[in-house]
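Here's the structure, in structure tokens; my notes come after.
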Amino acid sequence: MVQVGVFALHPPPGTVEEFLALMQASPVLGVVSLDLLYGVNNVLVALVYLALVVLLWARARSTAAVAGLLVVLGMAAYLASNPAVEMLLLARRHGSADGATQEALLAAGEVLLAGWRGTAFLTYYVLNAVALLLVAGALLRTRVLSRATGWWALAAGLLMVVPSTFGTVGLVMSVLSLLPWCVLCVLVALQLLARAGGPGPRPSRAPQADAPAR
């Protein structure tokens with residue numbers, strides 16, 4: 001949500017030259033414009049998925065394993081493709097470079113931006129949408145959490161089917177997906193916290209007999 005707010009107040013540049021100029025004028029805004037906060041968010045999202053995989057493991061092991069694998073692959077693809085730090089380094093060199101070197105740095109920046117918006121991002125987006133749909137189906141089937149949690153997960157997953165880079169439709173759907181996703185995270189957090197520290201006796205292990213000596 002913070003990243004969306006930054007984009008609304010300071011729309012990201014459209015060209016490599018503009019990105020490098022922004023990086024030189026305001027490094028913090030520059031790296032944020034290259035989704036730095038989104039990368040941090042994805043690390044936290046991975047922890048949410050980890051909690052859901054652990055929760056579903058006993059009742060939907062195959063689905064949980066596949067969903068967890070897709071999330072890991074998608075997150076790795078995205079984090080490896082984000083060029084925020086690389087563009088910052090290029091911007092620092094670009095300011096003091098001569099004409100020929102500047103052209104080479106601009107070409108390198110074009111490659112970084114193409115990789116950021118290309119296959120790796122689409123892979124991340126699609127894999128995470130599929131993972132969320134799998135988790136939603138497992139939540140609705142097993143009812144390890146409330147049915148509302150499963151329906152909110154399904155709504156977020158359906159809105160993530162079209163990647164955000166697919167024109168206006170993708171952009172609108174990606175923004176709309178934030179609402180059910182945020183509700184989902186809150187519901188999952190509240191229910192997991194209730195499970196961890198709620199009132200009532202905790203199950204105890206039955207005493208085990210001593211192992212015979214060899």
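Ligands are numbered from 1 in the order shown, residues from 1 within each chain, and chains are lettered A, B, ... in the order they appear in the structure tokens.
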Requested in this report: Might you pull out every residue within 10 Å of range 20-24 of chain A, with only C-alpha atoms counted and same-chain residues fewer than 4 positions away left off, and present them as a PyMOL selection string?
Outcome: chain A and resi 12-13+15-16+28-33+84+87-95+105-106+109
Could those residues be written to a file, using N, CA and C atoms, as a PDB file, in the first residue's frame?
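The new file selection.pdb reads:
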```pdb
ATOM      1  N   PRO A  12       6.538   6.747 -11.452  1.00  0.00           N
ATOM      2  CA  PRO A  12       7.898   6.310 -11.802  1.00  0.00           C
ATOM      3  C   PRO A  12       8.289   6.772 -13.193  1.00  0.00           C
ATOM      4  N   PRO A  13       9.569   7.001 -13.431  1.00  0.00           N
ATOM      5  CA  PRO A  13      10.033   7.426 -14.752  1.00  0.00           C
ATOM      6  C   PRO A  13       9.706   6.381 -15.820  1.00  0.00           C
ATOM      7  N   THR A  15      11.769   6.191 -18.809  1.00  0.00           N
ATOM      8  CA  THR A  15      12.957   5.867 -19.593  1.00  0.00           C
ATOM      9  C   THR A  15      14.152   5.657 -18.667  1.00  0.00           C
ATOM     10  N   VAL A  16      15.191   5.048 -19.219  1.00  0.00           N
ATOM     11  CA  VAL A  16      16.413   4.826 -18.445  1.00  0.00           C
ATOM     12  C   VAL A  16      17.042   6.152 -18.045  1.00  0.00           C
ATOM     13  N   VAL A  28      16.883   7.625  -2.642  1.00  0.00           N
ATOM     14  CA  VAL A  28      15.837   6.876  -1.930  1.00  0.00           C
ATOM     15  C   VAL A  28      14.586   6.758  -2.791  1.00  0.00           C
ATOM     16  N   LEU A  29      14.132   7.887  -3.342  1.00  0.00           N
ATOM     17  CA  LEU A  29      12.953   7.851  -4.204  1.00  0.00           C
ATOM     18  C   LEU A  29      13.222   7.007  -5.449  1.00  0.00           C
ATOM     19  N   GLY A  30      14.459   7.029  -5.918  1.00  0.00           N
ATOM     20  CA  GLY A  30      14.803   6.250  -7.097  1.00  0.00           C
ATOM     21  C   GLY A  30      14.654   4.756  -6.869  1.00  0.00           C
ATOM     22  N   VAL A  31      15.212   4.253  -5.777  1.00  0.00           N
ATOM     23  CA  VAL A  31      15.120   2.811  -5.519  1.00  0.00           C
ATOM     24  C   VAL A  31      13.694   2.410  -5.159  1.00  0.00           C
ATOM     25  N   VAL A  32      12.950   3.306  -4.502  1.00  0.00           N
ATOM     26  CA  VAL A  32      11.539   3.012  -4.221  1.00  0.00           C
ATOM     27  C   VAL A  32      10.740   2.959  -5.515  1.00  0.00           C
ATOM     28  N   SER A  33      11.081   3.820  -6.472  1.00  0.00           N
ATOM     29  CA  SER A  33      10.405   3.805  -7.768  1.00  0.00           C
ATOM     30  C   SER A  33      10.685   2.531  -8.543  1.00  0.00           C
ATOM     31  N   ALA A  84      17.011  -2.403  -8.607  1.00  0.00           N
ATOM     32  CA  ALA A  84      17.122  -1.145  -7.857  1.00  0.00           C
ATOM     33  C   ALA A  84      18.574  -0.803  -7.518  1.00  0.00           C
ATOM     34  N   MET A  87      20.743  -0.195 -10.738  1.00  0.00           N
ATOM     35  CA  MET A  87      20.479   1.106 -11.359  1.00  0.00           C
ATOM     36  C   MET A  87      21.091   2.241 -10.548  1.00  0.00           C
ATOM     37  N   LEU A  88      21.114   2.093  -9.232  1.00  0.00           N
ATOM     38  CA  LEU A  88      21.750   3.103  -8.390  1.00  0.00           C
ATOM     39  C   LEU A  88      23.247   3.172  -8.670  1.00  0.00           C
ATOM     40  N   LEU A  89      23.868   2.024  -8.833  1.00  0.00           N
ATOM     41  CA  LEU A  89      25.292   2.001  -9.162  1.00  0.00           C
ATOM     42  C   LEU A  89      25.555   2.594 -10.548  1.00  0.00           C
ATOM     43  N   LEU A  90      24.696   2.285 -11.516  1.00  0.00           N
ATOM     44  CA  LEU A  90      24.838   2.872 -12.844  1.00  0.00           C
ATOM     45  C   LEU A  90      24.683   4.389 -12.808  1.00  0.00           C
ATOM     46  N   ALA A  91      23.739   4.862 -12.001  1.00  0.00           N
ATOM     47  CA  ALA A  91      23.503   6.305 -11.907  1.00  0.00           C
ATOM     48  C   ALA A  91      24.725   7.027 -11.356  1.00  0.00           C
ATOM     49  N   ARG A  92      25.382   6.430 -10.383  1.00  0.00           N
ATOM     50  CA  ARG A  92      26.576   7.059  -9.803  1.00  0.00           C
ATOM     51  C   ARG A  92      27.705   7.138 -10.825  1.00  0.00           C
ATOM     52  N   ARG A  93      27.863   6.104 -11.635  1.00  0.00           N
ATOM     53  CA  ARG A  93      28.900   6.126 -12.669  1.00  0.00           C
ATOM     54  C   ARG A  93      28.518   7.043 -13.820  1.00  0.00           C
ATOM     55  N   HIS A  94      27.221   7.097 -14.130  1.00  0.00           N
ATOM     56  CA  HIS A  94      26.756   7.883 -15.275  1.00  0.00           C
ATOM     57  C   HIS A  94      27.035   9.364 -15.075  1.00  0.00           C
ATOM     58  N   GLY A  95      26.922   9.846 -13.856  1.00  0.00           N
ATOM     59  CA  GLY A  95      27.091  11.278 -13.616  1.00  0.00           C
ATOM     60  C   GLY A  95      28.492  11.779 -13.902  1.00  0.00           C
ATOM     61  N   LEU A 105      26.420   2.827 -20.400  1.00  0.00           N
ATOM     62  CA  LEU A 105      25.666   2.698 -19.157  1.00  0.00           C
ATOM     63  C   LEU A 105      24.164   2.754 -19.415  1.00  0.00           C
ATOM     64  N   LEU A 106      23.753   3.589 -20.368  1.00  0.00           N
ATOM     65  CA  LEU A 106      22.335   3.648 -20.726  1.00  0.00           C
ATOM     66  C   LEU A 106      21.873   2.321 -21.324  1.00  0.00           C
ATOM     67  N   GLY A 109      21.403  -0.080 -18.598  1.00  0.00           N
ATOM     68  CA  GLY A 109      20.155   0.215 -17.899  1.00  0.00           C
ATOM     69  C   GLY A 109      18.944  -0.304 -18.648  1.00  0.00           C
TER      70      GLY A 109
END
```
**Report entry** Surrounding residues of Ala129 in chain A excluding itself and chain neighbours under 5 positions, 7 Å, only C-alpha atoms, as a PyMOL selection string
**Finding:** chain A and resi 157+160-161
Requested in this report: For Gly150 in chain A, list every protein, DNA or RNA residue within 8 Å, evaluated using only C-alpha atoms, and leave out those in the same chain fewer than 2 positions away; present the list as a PyMOL selection string.
Outcome: chain A and resi 135-140+145-148+152-154
Requested in this report: Fewer than 4 positions away in the same chain doesn't count, so skip those; otherwise give me all residues within 10 Å of Gln191 in chain A, counting only C-alpha atoms, as a list of chain:residue names.
Outcome: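 Near Gln191 in chain A, the qualifying residues are A:Val144, A:Leu145, A:Ser146, A:Thr149, A:Val186, A:Leu187, A:Arg195, A:Ala196, A:Gly198.
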For the selection just defined, write its residues with C-alpha atoms to a file, as an mmCIF file, in the first residue's frame.
```cif
data_model
loop_
_atom_site.group_PDB
_atom_site.id
_atom_site.type_symbol
_atom_site.label_atom_id
_atom_site.label_comp_id
_atom_site.auth_asym_id
_atom_site.auth_seq_id
_atom_site.Cartn_x
_atom_site.Cartn_y
_atom_site.Cartn_z
ATOM 1 C CA VAL A 144 -8.482 -25.301 9.042
ATOM 2 C CA LEU A 145 -9.315 -21.598 9.108
ATOM 3 C CA SER A 146 -12.647 -19.833 8.707
ATOM 4 C CA THR A 149 -10.471 -16.673 4.959
ATOM 5 C CA VAL A 186 -5.393 -9.841 8.813
ATOM 6 C CA LEU A 187 -7.697 -12.857 9.098
ATOM 7 C CA ARG A 195 -4.272 -20.687 17.990
ATOM 8 C CA ALA A 196 -0.875 -19.867 19.457
ATOM 9 C CA GLY A 198 -5.652 -18.577 23.001
#
```
Report task. From the DSSP assignment of the backbone, select every residue of range 13-214 of chain A that is alpha helix (DSSP H), and format the answer as a PyMOL selection string. Result -> chain A and resi 16-25+27-33+36-56+61-81+84-96+99-117+119-142+147-159+167-197
Report task. Kindly indicate which residue among A:Val85, A:Leu133, A:Leu193, A:Leu34 lies nearest to Trp181 in chain A, using only C-alpha atoms for the distances. Result ->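 Closest residue, counting only C-alpha atoms: A:Leu133.
If only C-alpha atoms are the atoms counted, then among A:Leu158, A:Ala76, A:Leu190, A:Glu110 the closest residue to Glu18 in chain A is A:Glu110.
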